[in-house]
file structure.txt (compact mmCIF, C-alpha atoms)
# COMPACT_ATOMS: atom_id res chain seq x y z
CA MET A 1 -6.54 -6.00 -13.00
CA SER A 2 -4.15 -3.88 -14.97
CA THR A 3 -0.75 -3.16 -13.48
CA ASP A 4 0.57 -1.32 -16.53
CA GLY A 5 2.95 1.45 -15.57
CA TRP A 6 3.11 0.38 -11.94
CA THR A 7 6.36 0.59 -10.08
CA VAL A 8 7.41 -2.00 -7.53
CA GLU A 9 7.22 0.78 -4.93
CA LYS A 10 3.59 1.56 -5.80
CA ALA A 11 2.68 -2.14 -5.66
CA LEU A 12 4.34 -2.50 -2.26
CA LYS A 13 2.55 0.58 -0.91
CA ILE A 14 -0.81 -0.77 -2.06
CA GLY A 15 0.12 -4.09 -0.48
CA VAL A 16 0.82 -2.33 2.83
CA THR A 17 -2.59 -0.64 2.65
CA MET A 18 -4.40 -3.89 1.85
CA GLU A 19 -2.63 -5.85 4.57
CA THR A 20 -3.27 -3.09 7.13
CA GLY A 21 -6.97 -3.17 6.29
CA ALA A 22 -7.10 -6.95 6.63
CA TYR A 23 -5.20 -6.82 9.93
CA ASN A 24 -7.63 -4.21 11.32
CA LEU A 25 -10.66 -6.22 10.17
CA TYR A 26 -9.47 -9.48 11.73
CA SER A 27 -8.24 -7.83 14.93
CA SER A 28 -11.49 -5.98 15.57
CA THR A 29 -13.63 -8.99 14.68
CA ALA A 30 -11.57 -11.27 16.94
CA LYS A 31 -12.33 -8.97 19.87
CA LYS A 32 -16.07 -9.41 19.25
CA ALA A 33 -16.03 -13.15 18.49
CA LYS A 34 -17.73 -15.28 21.12
CA ASN A 35 -16.65 -18.71 19.85
CA PRO A 36 -13.09 -19.50 21.06
CA GLY A 37 -12.24 -21.30 17.81
CA SER A 38 -13.43 -18.34 15.75
CA LYS A 39 -11.50 -15.93 17.96
CA LYS A 40 -8.31 -17.99 17.54
CA LEU A 41 -8.74 -18.20 13.75
CA LEU A 42 -9.23 -14.44 13.45
CA GLN A 43 -6.23 -13.73 15.67
CA GLU A 44 -4.07 -16.03 13.52
CA LEU A 45 -5.25 -14.32 10.33
CA ALA A 46 -4.55 -10.91 11.89
CA GLY A 47 -1.04 -12.07 12.79
CA ASP A 48 -0.43 -13.28 9.23
CA GLU A 49 -1.61 -9.99 7.75
CA LEU A 50 0.59 -8.02 10.15
CA LYS A 51 3.62 -10.06 9.02
CA HIS A 52 2.73 -9.39 5.38
CA LYS A 53 2.46 -5.66 6.07
CA GLU A 54 5.80 -5.64 7.86
CA TYR A 55 7.42 -7.57 5.00
CA PHE A 56 6.20 -5.02 2.46
CA GLU A 57 7.32 -2.14 4.67
CA ALA A 58 10.78 -3.73 4.90
CA ALA A 59 10.81 -4.09 1.12
CA LEU A 60 10.03 -0.39 0.78
CA LYS A 61 12.96 0.50 3.06
CA ASP A 62 15.48 -1.94 1.62
CA PRO A 63 14.27 -3.49 -1.66
CA LYS A 64 17.62 -5.11 -2.46
CA LYS A 65 17.66 -7.04 0.80
CA VAL A 66 14.14 -8.35 0.23
CA MET A 67 14.92 -9.23 -3.38
CA ASN A 68 17.89 -11.27 -2.23
CA GLU A 69 15.71 -13.05 0.33
CA ALA A 70 12.70 -13.61 -1.97
CA LYS A 71 12.12 -17.31 -2.30
CA GLY A 72 10.76 -19.08 -5.29
CA GLY A 73 9.08 -21.72 -3.13
CA ASP A 74 6.64 -24.33 -4.25
CA LEU A 75 3.55 -22.39 -5.28
CA LYS A 76 1.08 -25.22 -4.80
CA LYS A 77 -2.47 -24.43 -5.73
CA VAL A 78 -4.68 -23.87 -2.71
CA MET A 79 -8.20 -25.29 -2.73
CA ASP A 80 -10.99 -22.77 -3.25
CA LEU A 81 -14.34 -23.80 -1.78
CA LYS A 82 -15.98 -20.89 -3.65
CA LEU A 83 -18.59 -20.64 -0.89
CA SER A 84 -18.36 -16.87 -0.81
CA ASP A 85 -18.18 -16.34 -4.57
CA PRO A 86 -21.95 -16.09 -5.19
CA LEU A 87 -22.58 -14.09 -2.01
CA LYS A 88 -23.23 -10.38 -2.21
CA LEU A 89 -20.57 -8.06 -0.84
CA ALA A 90 -21.98 -5.36 1.41
CA PRO A 91 -20.10 -2.58 3.18
CA LEU A 92 -19.40 -3.37 6.80
CA GLY A 93 -21.03 -1.20 9.41
CA HIS A 94 -20.35 -1.12 13.14
CA ASP A 95 -23.28 -3.49 13.66
CA ALA A 96 -22.21 -6.04 11.01
CA SER A 97 -23.05 -9.63 11.83
CA TYR A 98 -20.40 -12.34 12.01
CA GLN A 99 -21.79 -13.72 8.75
CA ASP A 100 -21.47 -10.33 7.03
CA THR A 101 -17.92 -9.99 8.34
CA LEU A 102 -16.91 -13.42 7.03
CA ILE A 103 -18.38 -12.66 3.61
CA PHE A 104 -16.58 -9.32 3.51
CA ALA A 105 -13.32 -10.99 4.61
CA ALA A 106 -13.57 -13.75 2.00
CA LYS A 107 -14.29 -11.21 -0.74
CA SER A 108 -11.36 -9.07 0.47
CA GLU A 109 -9.04 -12.08 0.41
CA GLN A 110 -10.12 -12.84 -3.16
CA THR A 111 -9.30 -9.25 -4.10
CA ALA A 112 -5.86 -9.72 -2.57
CA VAL A 113 -5.39 -13.00 -4.48
CA ASP A 114 -6.31 -11.27 -7.74
CA PHE A 115 -4.02 -8.31 -6.96
CA TYR A 116 -0.97 -10.41 -6.10
CA THR A 117 -1.59 -12.78 -9.03
CA ALA A 118 -1.66 -9.81 -11.43
CA LEU A 119 1.57 -8.49 -9.91
CA SER A 120 3.18 -11.92 -10.18
CA LYS A 121 2.39 -11.98 -13.89
CA ALA A 122 3.37 -8.37 -14.49
CA TYR A 123 6.68 -8.82 -12.68
CA SER A 124 7.42 -12.39 -13.73
CA ALA A 125 10.94 -11.39 -14.86
CA HIS A 126 11.56 -9.32 -11.73
CA PRO A 127 13.19 -10.84 -8.62
CA LEU A 128 10.01 -10.06 -6.65
CA GLY A 129 7.74 -11.83 -9.17
CA LYS A 130 7.84 -15.11 -7.28
CA MET A 131 7.23 -13.25 -4.02
CA TRP A 132 3.96 -11.85 -5.39
CA GLY A 133 2.93 -15.35 -6.42
CA GLU A 134 3.65 -16.63 -2.93
CA PHE A 135 1.53 -13.86 -1.42
CA ALA A 136 -1.32 -14.77 -3.79
CA ARG A 137 -1.10 -18.36 -2.55
CA MET A 138 -1.08 -17.26 1.11
CA GLU A 139 -4.13 -15.04 0.61
CA GLN A 140 -5.91 -17.93 -1.14
CA GLY A 141 -5.17 -19.96 1.99
CA HIS A 142 -6.75 -17.23 4.11
CA LYS A 143 -9.85 -17.29 1.92
CA LEU A 144 -10.05 -21.06 2.35
CA LYS A 145 -9.86 -20.74 6.15
CA ILE A 146 -12.58 -18.09 6.13
CA GLU A 147 -14.83 -20.16 3.90
CA LYS A 148 -14.36 -23.18 6.15
CA GLU A 149 -15.28 -20.99 9.13
CA TYR A 150 -18.36 -19.79 7.21
CA ASP A 151 -19.32 -23.39 6.49
CA ASP A 152 -18.69 -24.56 10.06
CA VAL A 153 -20.30 -21.64 11.90
CA VAL A 154 -22.78 -19.81 9.66
CA LEU A 155 -24.12 -22.63 7.50
CA ALA A 156 -24.20 -25.03 10.46
CA ASP A 157 -26.53 -22.63 12.28
CA ASN A 158 -29.04 -22.59 9.41
call {"tool": "encode", "arguments": {"input": "structure.txt", "output": "structure tokens"}}
result
Amino acid sequence: MSTDGWTVEKALKIGVTMETGAYNLYSSTAKKAKNPGSKKLLQELAGDELKHKEYFEAALKDPKKVMNEAKGGDLKKVMDLKLSDPLKLAPLGHDASYQDTLIFAAKSEQTAVDFYTALSKAYSAHPLGKMWGEFARMEQGHKLKIEKEYDDVVLADN
């Protein structure tokens, strides 16, 4: 992913769009989920994505404040089960199955990981560089949770 010529503002705006999409996906899927554990997982993911969106919106309004608060944290590598990697991504329709939704979500999380990783590299000298790396790690954690859900629910049923 090339981020050449991108401004921090453009990256933040794209981040808001991505996080809004993820929030909407998890919120709507949680409403349809029948399994209480699945419903809880999706609600937690929706809450995380909403916080990310709000963080980026705050950064757009007051970048200096966010830059001062950006933490360098310990960017530990998050395990990747890679369960969804070979699966085909299909557009989600209104009648999408839970399996289709999990595949779409895992693929979307990987896109977010790739996006934030590219930004982290492109802005490594910028105060927000470490923030982008932290968001990449968080999105990798979301992908891991989704892949575990896929393994526990979808693959267990087969």
call {"tool": "atom_distance", "arguments": {"input": "structure.txt", "atom1": "CA of Leu45 in chain A", "atom2": "CA of Asp62 in chain A"}}
result
25.7 Å
call {"tool": "residues_around", "arguments": {"input": "structure.txt", "residues": "Lys32 in chain A", "least_positions_apart": "6", "cutoff": "12 Å", "atoms": "all atoms listed in the file", "output": "list of chain:residue names"}}
result
A:Leu25, A:Tyr26, A:Ser38, A:Lys39, A:Lys40, A:Leu42, A:Gln43, A:His94, A:Asp95, A:Ala96, A:Ser97, A:Tyr98, A:Thr101
call {"tool": "write_last_selection", "arguments": {"input": "structure.txt", "atoms": "C-alpha atoms", "output": "PDB file, in the frame of the given file"}}
result
ATOM      1  CA  LEU A  25     -10.660  -6.220  10.170  1.00  0.00           C
ATOM      2  CA  TYR A  26      -9.470  -9.480  11.730  1.00  0.00           C
ATOM      3  CA  SER A  38     -13.430 -18.340  15.750  1.00  0.00           C
ATOM      4  CA  LYS A  39     -11.500 -15.930  17.960  1.00  0.00           C
ATOM      5  CA  LYS A  40      -8.310 -17.990  17.540  1.00  0.00           C
ATOM      6  CA  LEU A  42      -9.230 -14.440  13.450  1.00  0.00           C
ATOM      7  CA  GLN A  43      -6.230 -13.730  15.670  1.00  0.00           C
ATOM      8  CA  HIS A  94     -20.350  -1.120  13.140  1.00  0.00           C
ATOM      9  CA  ASP A  95     -23.280  -3.490  13.660  1.00  0.00           C
ATOM     10  CA  ALA A  96     -22.210  -6.040  11.010  1.00  0.00           C
ATOM     11  CA  SER A  97     -23.050  -9.630  11.830  1.00  0.00           C
ATOM     12  CA  TYR A  98     -20.400 -12.340  12.010  1.00  0.00           C
ATOM     13  CA  THR A 101     -17.920  -9.990   8.340  1.00  0.00           C
TER      14      THR A 101
END
call {"tool": "atom_distance", "arguments": {"input": "structure.txt", "atom1": "CA of Leu102 in chain A", "atom2": "CA of Ala33 in chain A"}}
result
11.5 Å
call {"tool": "closest_residue", "arguments": {"input": "structure.txt", "among": "A:Lys107, A:His126, A:Lys10, A:Lys34", "to": "Ile146 in chain A", "atoms": "only C-alpha atoms"}}
result
A:Lys107
call {"tool": "residues_around", "arguments": {"input": "structure.txt", "residues": "Glu149 in chain A", "least_positions_apart": "3", "cutoff": "10 Å", "atoms": "all atoms listed in the file", "output": "PyMOL selection string"}}
result
chain A and resi 37-38+41-42+99+102+143-146+152-156
call {"tool": "closest_residue", "arguments": {"input": "structure.txt", "among": "A:Phe115, A:Phe56, A:Tyr123, A:Phe104", "to": "Lys13 in chain A", "atoms": "all atoms listed in the file"}}
result
A:Phe56
call {"tool": "atom_distance", "arguments": {"input": "structure.txt", "atom1": "CA of Ala22 in chain A", "atom2": "CA of Gly141 in chain A"}}
result
13.9 Å
call {"tool": "axis_aligned_box", "arguments": {"input": "structure.txt", "around": "range 17-33 of chain A", "padding_each_side": "5 Å", "output": "lines of an AutoDock Vina configuration file"}}
result
center_x = -9.3
center_y = -6.9
center_z = 10.9
size_x = 23.5
size_y = 22.5
size_z = 28.0
call {"tool": "closest_residue", "arguments": {"input": "structure.txt", "among": "A:Asp100, A:Glu19, A:Asp48, A:Asp114", "to": "His142 in chain A", "atoms": "only C-alpha atoms"}}
result
A:Asp48
call {"tool": "closest_residue", "arguments": {"input": "structure.txt", "among": "A:Thr111, A:Thr17, A:Ser28, A:Thr7", "to": "Glu139 in chain A", "atoms": "all atoms listed in the file"}}
result
A:Thr111
call {"tool": "closest_residue", "arguments": {"input": "structure.txt", "among": "A:Asp151, A:Glu57, A:Glu134, A:Glu109", "to": "Glu9 in chain A", "atoms": "only C-alpha atoms"}}
result
A:Glu57
call {"tool": "closest_residue", "arguments": {"input": "structure.txt", "among": "A:Ala30, A:Val113, A:Ala105, A:Leu119", "to": "Gly47 in chain A", "atoms": "all atoms listed in the file"}}
result
A:Ala30
call {"tool": "residues_around", "arguments": {"input": "structure.txt", "residues": "Glu54 in chain A", "least_positions_apart": "3", "cutoff": "12 Å", "atoms": "only C-alpha atoms", "output": "CSV table (one decimal) with C-alpha atoms, keeping the file's coordinate frame"}}
result
chain,number,residue,atom,x,y,z
A,12,LEU,CA,4.3,-2.5,-2.3
A,13,LYS,CA,2.6,0.6,-0.9
A,15,GLY,CA,0.1,-4.1,-0.5
A,16,VAL,CA,0.8,-2.3,2.8
A,17,THR,CA,-2.6,-0.6,2.6
A,18,MET,CA,-4.4,-3.9,1.8
A,19,GLU,CA,-2.6,-5.8,4.6
A,20,THR,CA,-3.3,-3.1,7.1
A,23,TYR,CA,-5.2,-6.8,9.9
A,47,GLY,CA,-1.0,-12.1,12.8
A,48,ASP,CA,-0.4,-13.3,9.2
A,49,GLU,CA,-1.6,-10.0,7.8
A,50,LEU,CA,0.6,-8.0,10.2
A,51,LYS,CA,3.6,-10.1,9.0
A,57,GLU,CA,7.3,-2.1,4.7
A,58,ALA,CA,10.8,-3.7,4.9
A,59,ALA,CA,10.8,-4.1,1.1
A,60,LEU,CA,10.0,-0.4,0.8
A,61,LYS,CA,13.0,0.5,3.1
A,66,VAL,CA,14.1,-8.4,0.2
